[in-house]
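Q: Take a look at entry_25.pdb, PDB, C-alpha atoms and all ligand atoms:
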```pdb
MODEL        1
ATOM      1  CA  MET A   1     -37.721  -5.615 -16.052
ATOM      2  CA  ASP A   2     -34.677  -3.773 -17.366
ATOM      3  CA  ASN A   3     -31.570  -5.894 -16.873
ATOM      4  CA  THR A   4     -29.294  -3.696 -18.985
ATOM      5  CA  HIS A   5     -27.370  -2.575 -15.916
ATOM      6  CA  ASP A   6     -26.433  -6.162 -15.032
ATOM      7  CA  ILE A   7     -25.215  -6.977 -18.516
ATOM      8  CA  TYR A   8     -23.416  -3.698 -19.199
ATOM      9  CA  PRO A   9     -22.320  -2.223 -15.851
ATOM     10  CA  ALA A  10     -22.120   1.558 -15.806
ATOM     11  CA  ALA A  11     -18.666   2.906 -16.584
ATOM     12  CA  GLY A  12     -16.822   4.240 -13.551
ATOM     13  CA  PRO A  13     -13.660   6.104 -12.546
ATOM     14  CA  ILE A  14     -10.273   4.499 -11.970
ATOM     15  CA  GLY A  15      -9.841   4.154  -8.216
ATOM     16  CA  VAL A  16      -6.469   5.294  -6.851
ATOM     17  CA  PHE A  17      -5.734   4.333  -3.271
ATOM     18  CA  ASP A  18      -2.993   5.293  -0.839
ATOM     19  CA  SER A  19      -2.619   5.464   2.927
ATOM     20  CA  GLY A  20      -2.413   9.250   2.598
ATOM     21  CA  TYR A  21      -1.015  11.918   0.290
ATOM     22  CA  GLY A  22       1.692   9.811  -1.413
ATOM     23  CA  GLY A  23      -0.601   8.338  -4.052
ATOM     24  CA  LEU A  24      -1.149  11.865  -5.374
ATOM     25  CA  THR A  25       2.326  11.556  -6.955
ATOM     26  CA  ILE A  26       1.006   8.567  -8.927
ATOM     27  CA  LEU A  27      -2.361  10.192  -9.684
ATOM     28  CA  GLN A  28      -0.592  13.215 -11.142
ATOM     29  CA  GLU A  29       1.258  11.055 -13.676
ATOM     30  CA  LEU A  30      -1.825   8.957 -14.447
ATOM     31  CA  ARG A  31      -3.734  12.131 -15.278
ATOM     32  CA  PHE A  32      -0.842  13.409 -17.386
ATOM     33  CA  HIS A  33      -0.400  10.205 -19.418
ATOM     34  CA  LEU A  34      -4.050   9.050 -19.454
ATOM     35  CA  PRO A  35      -6.008  12.316 -19.192
ATOM     36  CA  GLN A  36      -9.198  11.006 -20.775
ATOM     37  CA  TYR A  37     -10.283   8.907 -17.777
ATOM     38  CA  ASP A  38     -12.066   9.864 -14.573
ATOM     39  CA  TYR A  39     -10.226   9.203 -11.309
ATOM     40  CA  LEU A  40     -11.464   8.686  -7.768
ATOM     41  CA  TYR A  41      -8.670   9.133  -5.203
ATOM     42  CA  LEU A  42      -8.946   7.776  -1.680
ATOM     43  CA  GLY A  43      -6.407   8.655   1.022
ATOM     44  CA  ASP A  44      -6.786   6.806   4.307
ATOM     45  CA  ASN A  45      -5.080   9.741   6.049
ATOM     46  CA  ALA A  46      -6.809   9.094   9.367
ATOM     47  CA  ARG A  47      -4.924   5.783   9.664
ATOM     48  CA  ALA A  48      -1.664   6.729   7.914
ATOM     49  CA  PRO A  49       1.177   5.893   8.021
ATOM     50  CA  TYR A  50       0.768   2.221   7.169
ATOM     51  CA  GLY A  51       4.525   1.625   6.991
ATOM     52  CA  ASN A  52       5.050   0.313  10.519
ATOM     53  CA  ARG A  53       1.737  -1.545  10.769
ATOM     54  CA  SER A  54       1.271  -5.327  10.819
ATOM     55  CA  PHE A  55       0.403  -7.371   7.754
ATOM     56  CA  GLU A  56      -3.094  -7.982   9.166
ATOM     57  CA  LEU A  57      -3.871  -4.282   9.640
ATOM     58  CA  VAL A  58      -2.495  -3.143   6.273
ATOM     59  CA  TYR A  59      -4.517  -5.893   4.607
ATOM     60  CA  LYS A  60      -7.696  -5.003   6.554
ATOM     61  CA  PHE A  61      -7.417  -1.254   5.872
ATOM     62  CA  THR A  62      -6.565  -1.791   2.206
ATOM     63  CA  LEU A  63      -9.466  -4.177   1.665
ATOM     64  CA  GLU A  64     -11.883  -1.721   3.297
ATOM     65  CA  SER A  65     -10.592   1.012   1.030
ATOM     66  CA  VAL A  66     -10.858  -1.114  -2.109
ATOM     67  CA  LYS A  67     -14.455  -2.010  -1.200
ATOM     68  CA  ALA A  68     -15.246   1.685  -0.656
ATOM     69  CA  LEU A  69     -13.925   2.482  -4.150
ATOM     70  CA  PHE A  70     -15.858  -0.435  -5.683
ATOM     71  CA  ALA A  71     -19.032   0.791  -3.932
ATOM     72  CA  ARG A  72     -18.518   4.172  -5.625
ATOM     73  CA  GLY A  73     -18.419   2.665  -9.104
ATOM     74  CA  CYS A  74     -14.744   1.809  -9.699
ATOM     75  CA  HIS A  75     -14.146  -1.325 -11.788
ATOM     76  CA  LEU A  76     -10.387  -0.922 -11.564
ATOM     77  CA  VAL A  77      -8.408   0.135  -8.483
ATOM     78  CA  ILE A  78      -4.703   0.968  -8.425
ATOM     79  CA  LEU A  79      -2.981   0.504  -5.067
ATOM     80  CA  ALA A  80      -0.789   3.613  -5.397
ATOM     81  CA  CYS A  81       1.011   2.539  -2.239
ATOM     82  CA  ASN A  82       3.996   0.199  -2.055
ATOM     83  CA  THR A  83       3.182  -0.899   1.473
ATOM     84  CA  ALA A  84      -0.335  -1.965   0.469
ATOM     85  CA  SER A  85       0.985  -3.506  -2.762
ATOM     86  CA  ALA A  86       3.555  -5.487  -0.750
ATOM     87  CA  LYS A  87       1.284  -6.606   2.067
ATOM     88  CA  ALA A  88      -2.287  -6.762   0.759
ATOM     89  CA  LEU A  89      -2.402  -7.003  -3.044
ATOM     90  CA  ARG A  90      -1.885 -10.718  -3.498
ATOM     91  CA  THR A  91      -4.425 -11.732  -0.822
ATOM     92  CA  ILE A  92      -7.021  -9.338  -2.227
ATOM     93  CA  GLN A  93      -6.453 -10.579  -5.788
ATOM     94  CA  GLN A  94      -6.473 -14.271  -4.884
ATOM     95  CA  ASN A  95      -8.882 -14.535  -1.929
ATOM     96  CA  ASP A  96     -11.205 -11.538  -1.929
ATOM     97  CA  LEU A  97     -11.838 -10.523  -5.531
ATOM     98  CA  PRO A  98     -13.301 -13.892  -6.568
ATOM     99  CA  ASN A  99     -15.958 -13.427  -3.843
ATOM    100  CA  ILE A 100     -16.545  -9.692  -4.191
ATOM    101  CA  ASP A 101     -16.708  -9.488  -7.994
ATOM    102  CA  PRO A 102     -14.344 -11.468 -10.244
ATOM    103  CA  SER A 103     -14.855  -8.973 -13.078
ATOM    104  CA  ARG A 104     -13.193  -6.116 -11.151
ATOM    105  CA  ARG A 105      -9.456  -5.573 -10.967
ATOM    106  CA  VAL A 106      -6.975  -4.400  -8.332
ATOM    107  CA  LEU A 107      -3.422  -3.654  -9.514
ATOM    108  CA  GLY A 108      -0.289  -2.799  -7.556
ATOM    109  CA  ILE A 109       2.808  -0.766  -8.323
ATOM    110  CA  ILE A 110       5.740  -2.971  -7.322
ATOM    111  CA  ARG A 111       5.781  -5.360 -10.267
ATOM    112  CA  PRO A 112       5.613  -2.605 -12.948
ATOM    113  CA  THR A 113       8.516  -0.882 -11.198
ATOM    114  CA  VAL A 114      10.606  -4.051 -11.053
ATOM    115  CA  GLU A 115       9.908  -4.721 -14.743
ATOM    116  CA  HIS A 116      11.882  -1.521 -15.455
ATOM    117  CA  LEU A 117      14.801  -2.072 -13.083
ATOM    118  CA  ALA A 118      17.207  -3.683 -15.536
ATOM    119  CA  THR A 119      16.863  -0.767 -17.980
ATOM    120  CA  LEU A 120      17.648   1.796 -15.288
ATOM    121  CA  THR A 121      21.020   0.650 -13.984
ATOM    122  CA  ARG A 122      24.490   0.259 -15.509
ATOM    123  CA  SER A 123      26.224  -1.213 -12.495
ATOM    124  CA  GLY A 124      23.476  -3.781 -11.942
ATOM    125  CA  HIS A 125      23.181  -2.589  -8.330
ATOM    126  CA  VAL A 126      19.918  -0.929  -7.344
ATOM    127  CA  GLY A 127      18.795   0.554  -4.024
ATOM    128  CA  ILE A 128      15.181   0.530  -2.864
ATOM    129  CA  LEU A 129      14.080   3.129  -0.340
ATOM    130  CA  GLY A 130      10.734   2.272   1.249
ATOM    131  CA  THR A 131       8.732   1.941   4.418
ATOM    132  CA  LYS A 132       9.621  -0.679   7.031
ATOM    133  CA  GLY A 133       6.728  -2.819   5.797
ATOM    134  CA  THR A 134       7.778  -2.709   2.143
ATOM    135  CA  VAL A 135      11.450  -3.373   2.882
ATOM    136  CA  ALA A 136      10.722  -6.175   5.388
ATOM    137  CA  SER A 137       8.389  -7.868   2.871
ATOM    138  CA  ARG A 138      11.352  -8.204   0.440
ATOM    139  CA  SER A 139       8.786  -7.854  -2.377
ATOM    140  CA  TYR A 140      11.217  -5.948  -4.604
ATOM    141  CA  GLU A 141      13.958  -8.540  -4.111
ATOM    142  CA  MET A 142      11.557 -11.428  -4.807
ATOM    143  CA  GLU A 143      10.121  -9.864  -7.982
ATOM    144  CA  ALA A 144      13.622  -8.954  -9.188
ATOM    145  CA  ALA A 145      14.837 -12.521  -8.578
ATOM    146  CA  LYS A 146      12.134 -13.671 -11.035
ATOM    147  CA  LEU A 147      12.408 -10.921 -13.655
ATOM    148  CA  SER A 148      16.079  -9.823 -13.523
ATOM    149  CA  PRO A 149      18.064 -12.362 -11.495
ATOM    150  CA  ASP A 150      21.420 -10.705 -12.307
ATOM    151  CA  LEU A 151      20.553  -7.528 -10.408
ATOM    152  CA  THR A 152      21.696  -6.853  -6.861
ATOM    153  CA  VAL A 153      18.818  -5.207  -5.006
ATOM    154  CA  THR A 154      19.371  -3.620  -1.594
ATOM    155  CA  GLY A 155      16.431  -2.307   0.427
ATOM    156  CA  HIS A 156      16.619   0.323   3.132
ATOM    157  CA  ALA A 157      13.715   1.464   5.328
ATOM    158  CA  CYS A 158      13.204   5.191   5.987
ATOM    159  CA  PRO A 159      10.602   5.194   8.775
ATOM    160  CA  MET A 160      10.652   8.968   9.326
ATOM    161  CA  TRP A 161      10.020  10.043   5.743
ATOM    162  CA  VAL A 162       6.260   9.365   5.493
ATOM    163  CA  PRO A 163       5.484  11.108   8.818
ATOM    164  CA  LEU A 164       7.473  14.127   7.555
ATOM    165  CA  VAL A 165       5.354  14.284   4.397
ATOM    166  CA  GLU A 166       2.016  13.594   6.140
ATOM    167  CA  ASN A 167       2.772  16.390   8.609
ATOM    168  CA  GLY A 168       3.692  18.958   5.974
ATOM    169  CA  GLU A 169       7.417  18.929   6.874
ATOM    170  CA  ALA A 170       8.704  17.769   3.460
ATOM    171  CA  TRP A 171      10.195  21.181   2.755
ATOM    172  CA  SER A 172      11.624  21.821   6.206
ATOM    173  CA  ASP A 173      15.334  21.877   7.098
ATOM    174  CA  GLY A 174      14.670  19.161   9.679
ATOM    175  CA  ALA A 175      13.792  16.740   6.866
ATOM    176  CA  ASP A 176      17.365  17.040   5.497
ATOM    177  CA  TYR A 177      18.776  15.322   8.557
ATOM    178  CA  PHE A 178      16.712  12.148   8.013
ATOM    179  CA  VAL A 179      17.134  12.126   4.230
ATOM    180  CA  GLU A 180      20.905  12.396   4.485
ATOM    181  CA  LYS A 181      21.123   9.764   7.228
ATOM    182  CA  ASP A 182      19.083   7.140   5.322
ATOM    183  CA  ILE A 183      20.830   7.733   2.011
ATOM    184  CA  SER A 184      24.274   7.368   3.639
ATOM    185  CA  GLN A 185      23.160   4.114   5.271
ATOM    186  CA  LEU A 186      21.873   2.731   1.960
ATOM    187  CA  MET A 187      25.055   3.689   0.094
ATOM    188  CA  ALA A 188      27.211   2.197   2.867
ATOM    189  CA  ALA A 189      25.316  -1.088   2.494
ATOM    190  CA  ASP A 190      26.181  -1.253  -1.241
ATOM    191  CA  PRO A 191      28.514   1.453  -2.646
ATOM    192  CA  LEU A 192      28.042   0.075  -6.186
ATOM    193  CA  ILE A 193      24.419   1.282  -6.341
ATOM    194  CA  ASP A 194      23.914   3.670  -9.260
ATOM    195  CA  ARG A 195      20.088   3.953  -9.152
ATOM    196  CA  VAL A 196      17.871   4.476  -6.149
ATOM    197  CA  ILE A 197      14.185   3.631  -6.533
ATOM    198  CA  LEU A 198      11.832   5.716  -4.420
ATOM    199  CA  GLY A 199       9.776   2.671  -3.435
ATOM    200  CA  CYS A 200       7.203   4.660  -1.502
ATOM    201  CA  THR A 201       4.803   7.015  -3.227
ATOM    202  CA  HIS A 202       5.302   9.670  -0.561
ATOM    203  CA  TYR A 203       9.010  10.029  -1.314
ATOM    204  CA  PRO A 204       8.797  12.074  -4.556
ATOM    205  CA  LEU A 205       7.647  14.909  -2.307
ATOM    206  CA  LEU A 206      11.186  14.811  -0.855
ATOM    207  CA  LEU A 207      12.840  14.486  -4.281
ATOM    208  CA  ASP A 208      14.832  17.738  -4.164
ATOM    209  CA  LYS A 209      16.387  16.797  -0.857
ATOM    210  CA  ILE A 210      17.006  13.204  -1.954
ATOM    211  CA  CYS A 211      18.832  14.346  -5.106
ATOM    212  CA  ARG A 212      20.903  16.803  -3.082
ATOM    213  CA  HIS A 213      22.159  14.049  -0.783
ATOM    214  CA  LEU A 214      22.785  11.314  -3.374
ATOM    215  CA  PRO A 215      26.445  10.846  -4.362
ATOM    216  CA  ASP A 216      27.517  11.963  -7.860
ATOM    217  CA  GLY A 217      26.576   9.429 -10.502
ATOM    218  CA  VAL A 218      23.675   8.006  -8.509
ATOM    219  CA  GLY A 219      20.192   8.835  -9.816
ATOM    220  CA  ALA A 220      16.762   8.722  -8.162
ATOM    221  CA  VAL A 221      13.837   7.031  -9.918
ATOM    222  CA  THR A 222      10.202   7.827  -9.094
ATOM    223  CA  GLN A 223       7.351   5.465  -9.942
ATOM    224  CA  GLY A 224       4.640   7.733 -11.382
ATOM    225  CA  THR A 225       5.578   7.561 -15.061
ATOM    226  CA  ILE A 226       6.416   3.862 -14.850
ATOM    227  CA  VAL A 227       3.001   3.099 -13.329
ATOM    228  CA  ALA A 228       1.161   5.283 -15.863
ATOM    229  CA  GLU A 229       2.901   3.636 -18.834
ATOM    230  CA  SER A 230       2.282   0.212 -17.388
ATOM    231  CA  LEU A 231      -1.425   1.007 -16.926
ATOM    232  CA  ALA A 232      -1.687   2.298 -20.503
ATOM    233  CA  ASP A 233      -0.209  -0.981 -21.707
ATOM    234  CA  TYR A 234      -2.548  -2.983 -19.450
ATOM    235  CA  LEU A 235      -5.613  -1.170 -20.796
ATOM    236  CA  ARG A 236      -4.494  -1.801 -24.397
ATOM    237  CA  ARG A 237      -4.278  -5.511 -23.585
ATOM    238  CA  HIS A 238      -7.567  -5.582 -21.625
ATOM    239  CA  PRO A 239     -10.309  -3.890 -23.644
ATOM    240  CA  GLU A 240     -12.919  -5.617 -21.450
ATOM    241  CA  ILE A 241     -11.707  -3.459 -18.528
ATOM    242  CA  GLU A 242     -10.966  -0.337 -20.573
ATOM    243  CA  CYS A 243     -14.544  -0.163 -21.875
ATOM    244  CA  ARG A 244     -15.794   0.061 -18.266
ATOM    245  CA  LEU A 245     -13.822   3.218 -17.502
ATOM    246  CA  SER A 246     -15.663   6.515 -17.683
ATOM    247  CA  LYS A 247     -14.002   9.195 -19.778
ATOM    248  CA  GLY A 248     -14.825  12.615 -18.408
ATOM    249  CA  ALA A 249     -11.270  13.718 -17.552
ATOM    250  CA  GLY A 250     -12.293  14.426 -13.938
ATOM    251  CA  ALA A 251     -10.786  13.743 -10.531
ATOM    252  CA  THR A 252     -12.602  13.419  -7.215
ATOM    253  CA  PHE A 253     -10.857  13.204  -3.846
ATOM    254  CA  LEU A 254     -11.940  11.293  -0.753
ATOM    255  CA  THR A 255     -10.189  11.154   2.614
ATOM    256  CA  THR A 256     -10.819   9.469   5.933
ATOM    257  CA  GLU A 257      -9.365  12.591   7.646
ATOM    258  CA  GLN A 258     -10.956  16.023   7.897
ATOM    259  CA  SER A 259     -11.686  17.180   4.377
ATOM    260  CA  GLU A 260     -10.306  20.695   5.025
ATOM    261  CA  LYS A 261      -6.875  19.357   5.961
ATOM    262  CA  PHE A 262      -6.719  17.107   2.900
ATOM    263  CA  THR A 263      -7.919  19.946   0.673
ATOM    264  CA  ASP A 264      -5.115  22.236   1.875
ATOM    265  CA  MET A 265      -2.314  19.661   1.760
ATOM    266  CA  ALA A 266      -3.343  18.058  -1.542
ATOM    267  CA  SER A 267      -3.638  21.477  -3.195
ATOM    268  CA  LEU A 268      -0.093  22.203  -2.008
ATOM    269  CA  PHE A 269       1.278  18.885  -3.265
ATOM    270  CA  LEU A 270      -0.501  19.006  -6.632
ATOM    271  CA  GLY A 271       0.063  22.733  -7.146
ATOM    272  CA  GLN A 272      -3.599  23.246  -7.989
ATOM    273  CA  PRO A 273      -6.796  23.585  -5.974
ATOM    274  CA  VAL A 274      -8.400  20.336  -4.904
ATOM    275  CA  LYS A 275     -11.677  19.856  -3.058
ATOM    276  CA  ALA A 276     -11.880  16.722  -0.911
ATOM    277  CA  ARG A 277     -14.797  14.952   0.756
ATOM    278  CA  HIS A 278     -14.620  13.041   4.061
ATOM    279  CA  ILE A 279     -15.717   9.401   4.197
ATOM    280  CA  GLU A 280     -15.812   6.826   6.998
ATOM    281  CA  LEU A 281     -14.498   3.345   6.308
TER     282      LEU A 281
HETATM  283  N1  LIG B   1       2.692   5.775   0.092
HETATM  284  C1  LIG B   1       2.849   4.587   0.885
HETATM  285  C2  LIG B   1       3.883   3.653   0.238
HETATM  286  O1  LIG B   1       4.118   3.752  -0.914
HETATM  287  C3  LIG B   1       3.115   5.065   2.235
HETATM  288  C4  LIG B   1       3.202   4.181   3.306
HETATM  289  C5  LIG B   1       2.799   4.608   4.671
HETATM  290  O2  LIG B   1       1.659   4.988   4.872
HETATM  291  O3  LIG B   1       3.645   4.448   5.540
HETATM  292  O4  LIG B   1       4.455   2.776   0.815
ENDMDL
END
```
Would you kindly transcribe this structure into structure tokens?
A:
Amino acid sequence: MDNTHDIYPAAGPIGVFDSGYGGLTILQELRFHLPQYDYLYLGDNARAPYGNRSFELVYKFTLESVKALFARGCHLVILACNTASAKALRTIQQNDLPNIDPSRRVLGIIRPTVEHLATLTRSGHVGILGTKGTVASRSYEMEAAKLSPDLTVTGHACPMWVPLVENGEAWSDGADYFVEKDISQLMAADPLIDRVILGCTHYPLLLDKICRHLPDGVGAVTQGTIVAESLADYLRRHPEIECRLSKGAGATFLTTEQSEKFTDMASLFLGQPVKARHIEL
């Protein structure tokens, strides 16, 4: 009997998961900084947004998605979603992975972002814009308290922003109203903020509007490059995972929604044609 497969599992793509289209902003930077690898993107668009959902549901949906990516050959999955990173990552890493397959990895995007915070601000005051779930979890504040205790971190939830993006309204005039309102509320909560972290992977799709409404001297920070550099560093330190990643420079897209809708929207967001396939979870 040939047991080679058990000893040397076949190399597979890096799984990239988000509730919907937002993770494409992370995928784009991963492909730019680490172009040699294959990627398998999964958007759970049929059940997005996750931002207002309970801990139990975000955890359940995220775990189902991670298992779907594992079943399609991924040894490493990036939760390219702050809400899932805040609400599901730790439980999956500590409770589920040891039973599913301890050799596989699931990584989030909040810790790598917080590791950079201190280098981004002069005033020491940072704002985090995110979904209700991410902000209520206080994950950014808790990580910052460990890594950079001198920073003042203020979170503000923007519950309308993900629905605007998921519904193709990111470029509409109507979106300006909500962007301006949430930014003013964040700045009123702490006027010393000089850097605003877009702590939701959907928000870079509103970047032009966000920059237009930020006060002078306040900059917006997106997570894509931070996550890509952090993954490059992780893979240098973990050759046992790196050697299981296939290197064909390809990207495949899966969605729980209709594939035609994802194909159209993702092509618009990425600025290049994308062909998606529907899956059931
Ligand atoms: N992109 C997800 C995040 O980063 C979106 C959340 C949602 O589905 O509400 O939080």
Q: Which residues would end up in the selection if the PyMOL selection byres (((chain A and resi 62) around 9) and not hetatm) were applied here, given that I need the answer as a list in words?
A: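 Here the PyMOL selection byres (((chain A and resi 62) around 9) and not hetatm) matches Phe17, Asp18, Ser19, Asp44, Leu57, Val58, Tyr59, Lys60, Phe61, Leu63, Glu64, Ser65, Val66, Lys67, Leu79, Ala84, Ala88, Leu89 and Ile92 of chain A.
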Q: Got a sec: who's within 12 Å of segment 29-36 of chain A, counting only C-alpha atoms, leaving out chain neighbours fewer than 3 positions off, as a PyMOL selection string?
A: chain A and resi 13-16+23-26+39-41+78+80+201+204+222-233+235-236+242+245-251+270
Q: Could you check how far atom CA of Leu147 of chain A sits from atom C2 of ligand LIG 1 (chain B), in Å to one decimal?
A: 21.9 Å
Q: Give me the box for ligand LIG 1 (chain B) as AutoDock Vina command-line options, namely the centre and edge lengths in Å to one decimal of a box along x, y and z that holds every listed atom plus 3 Å on each side.
A:
```
--center_x 3.1 --center_y 4.3 --center_z 2.3 --size_x 8.8 --size_y 9.0 --size_z 12.5
```
Q: Give me, please, the distance in Å between atom CA of Thr113 of chain A and atom CA of Val135 of chain A, quoted to one decimal.
A: 14.6 Å
Q: Once the PyMOL selection byres (((chain A and resi 174-187) around 7) and not hetatm) has been evaluated on this model, what residues remain selected, and can you format them as a short mmCIF file (atom, residue, chain, number, x, y, z; two decimals) with C-alpha atoms, in the frame of the given file?
A:
```
data_model
loop_
_atom_site.label_atom_id
_atom_site.label_comp_id
_atom_site.auth_asym_id
_atom_site.auth_seq_id
_atom_site.Cartn_x
_atom_site.Cartn_y
_atom_site.Cartn_z
CA HIS A 156 16.62 0.32 3.13
CA CYS A 158 13.20 5.19 5.99
CA MET A 160 10.65 8.97 9.33
CA LEU A 164 7.47 14.13 7.56
CA GLU A 169 7.42 18.93 6.87
CA ALA A 170 8.70 17.77 3.46
CA SER A 172 11.62 21.82 6.21
CA ASP A 173 15.33 21.88 7.10
CA ALA A 188 27.21 2.20 2.87
CA ALA A 189 25.32 -1.09 2.49
CA ASP A 190 26.18 -1.25 -1.24
CA PRO A 191 28.51 1.45 -2.65
CA ILE A 193 24.42 1.28 -6.34
CA LYS A 209 16.39 16.80 -0.86
CA ILE A 210 17.01 13.20 -1.95
CA HIS A 213 22.16 14.05 -0.78
CA LEU A 214 22.78 11.31 -3.37
#
```
Q: If I only have part of segment 49-67 of chain A, can you fill in N, CA and C atoms and write it as a PDB file, keeping the file's coordinate frame?
A:
```pdb
ATOM      1  N   PRO A  49       0.540   6.753   9.028  1.00  0.00           N
ATOM      2  CA  PRO A  49       1.177   5.893   8.021  1.00  0.00           C
ATOM      3  C   PRO A  49       0.870   4.401   8.237  1.00  0.00           C
ATOM      4  N   TYR A  50       0.943   3.674   7.130  1.00  0.00           N
ATOM      5  CA  TYR A  50       0.768   2.221   7.169  1.00  0.00           C
ATOM      6  C   TYR A  50       2.107   1.514   7.387  1.00  0.00           C
ATOM      7  N   GLY A  51       3.205   2.242   7.125  1.00  0.00           N
ATOM      8  CA  GLY A  51       4.525   1.625   6.991  1.00  0.00           C
ATOM      9  C   GLY A  51       4.983   0.747   8.136  1.00  0.00           C
ATOM     10  N   ASN A  52       4.597   1.101   9.360  1.00  0.00           N
ATOM     11  CA  ASN A  52       5.050   0.313  10.519  1.00  0.00           C
ATOM     12  C   ASN A  52       3.983  -0.666  10.989  1.00  0.00           C
ATOM     13  N   ARG A  53       2.853  -0.729  10.280  1.00  0.00           N
ATOM     14  CA  ARG A  53       1.737  -1.545  10.769  1.00  0.00           C
ATOM     15  C   ARG A  53       1.908  -3.008  10.362  1.00  0.00           C
ATOM     16  N   SER A  54       1.178  -3.886  11.072  1.00  0.00           N
ATOM     17  CA  SER A  54       1.271  -5.327  10.819  1.00  0.00           C
ATOM     18  C   SER A  54       0.649  -5.671   9.465  1.00  0.00           C
ATOM     19  N   PHE A  55       1.010  -6.858   8.980  1.00  0.00           N
ATOM     20  CA  PHE A  55       0.403  -7.371   7.754  1.00  0.00           C
ATOM     21  C   PHE A  55      -1.120  -7.350   7.877  1.00  0.00           C
ATOM     22  N   GLU A  56      -1.638  -7.840   8.999  1.00  0.00           N
ATOM     23  CA  GLU A  56      -3.094  -7.982   9.166  1.00  0.00           C
ATOM     24  C   GLU A  56      -3.792  -6.622   9.048  1.00  0.00           C
ATOM     25  N   LEU A  57      -3.210  -5.594   9.685  1.00  0.00           N
ATOM     26  CA  LEU A  57      -3.871  -4.282   9.640  1.00  0.00           C
ATOM     27  C   LEU A  57      -3.787  -3.648   8.253  1.00  0.00           C
ATOM     28  N   VAL A  58      -2.611  -3.739   7.621  1.00  0.00           N
ATOM     29  CA  VAL A  58      -2.495  -3.143   6.273  1.00  0.00           C
ATOM     30  C   VAL A  58      -3.478  -3.837   5.328  1.00  0.00           C
ATOM     31  N   TYR A  59      -3.581  -5.150   5.453  1.00  0.00           N
ATOM     32  CA  TYR A  59      -4.517  -5.893   4.607  1.00  0.00           C
ATOM     33  C   TYR A  59      -5.966  -5.456   4.889  1.00  0.00           C
ATOM     34  N   LYS A  60      -6.323  -5.363   6.175  1.00  0.00           N
ATOM     35  CA  LYS A  60      -7.696  -5.003   6.554  1.00  0.00           C
ATOM     36  C   LYS A  60      -8.038  -3.597   6.039  1.00  0.00           C
ATOM     37  N   PHE A  61      -7.156  -2.643   6.282  1.00  0.00           N
ATOM     38  CA  PHE A  61      -7.417  -1.254   5.872  1.00  0.00           C
ATOM     39  C   PHE A  61      -7.484  -1.143   4.340  1.00  0.00           C
ATOM     40  N   THR A  62      -6.591  -1.872   3.676  1.00  0.00           N
ATOM     41  CA  THR A  62      -6.565  -1.791   2.206  1.00  0.00           C
ATOM     42  C   THR A  62      -7.839  -2.398   1.626  1.00  0.00           C
ATOM     43  N   LEU A  63      -8.248  -3.537   2.167  1.00  0.00           N
ATOM     44  CA  LEU A  63      -9.466  -4.177   1.665  1.00  0.00           C
ATOM     45  C   LEU A  63     -10.678  -3.265   1.885  1.00  0.00           C
ATOM     46  N   GLU A  64     -10.759  -2.639   3.039  1.00  0.00           N
ATOM     47  CA  GLU A  64     -11.883  -1.721   3.297  1.00  0.00           C
ATOM     48  C   GLU A  64     -11.883  -0.578   2.276  1.00  0.00           C
ATOM     49  N   SER A  65     -10.700  -0.105   1.968  1.00  0.00           N
ATOM     50  CA  SER A  65     -10.592   1.012   1.030  1.00  0.00           C
ATOM     51  C   SER A  65     -10.966   0.583  -0.389  1.00  0.00           C
ATOM     52  N   VAL A  66     -10.512  -0.598  -0.775  1.00  0.00           N
ATOM     53  CA  VAL A  66     -10.858  -1.114  -2.109  1.00  0.00           C
ATOM     54  C   VAL A  66     -12.377  -1.280  -2.219  1.00  0.00           C
ATOM     55  N   LYS A  67     -12.992  -1.823  -1.171  1.00  0.00           N
ATOM     56  CA  LYS A  67     -14.455  -2.010  -1.200  1.00  0.00           C
ATOM     57  C   LYS A  67     -15.173  -0.664  -1.299  1.00  0.00           C
TER      58      LYS A  67
END
```
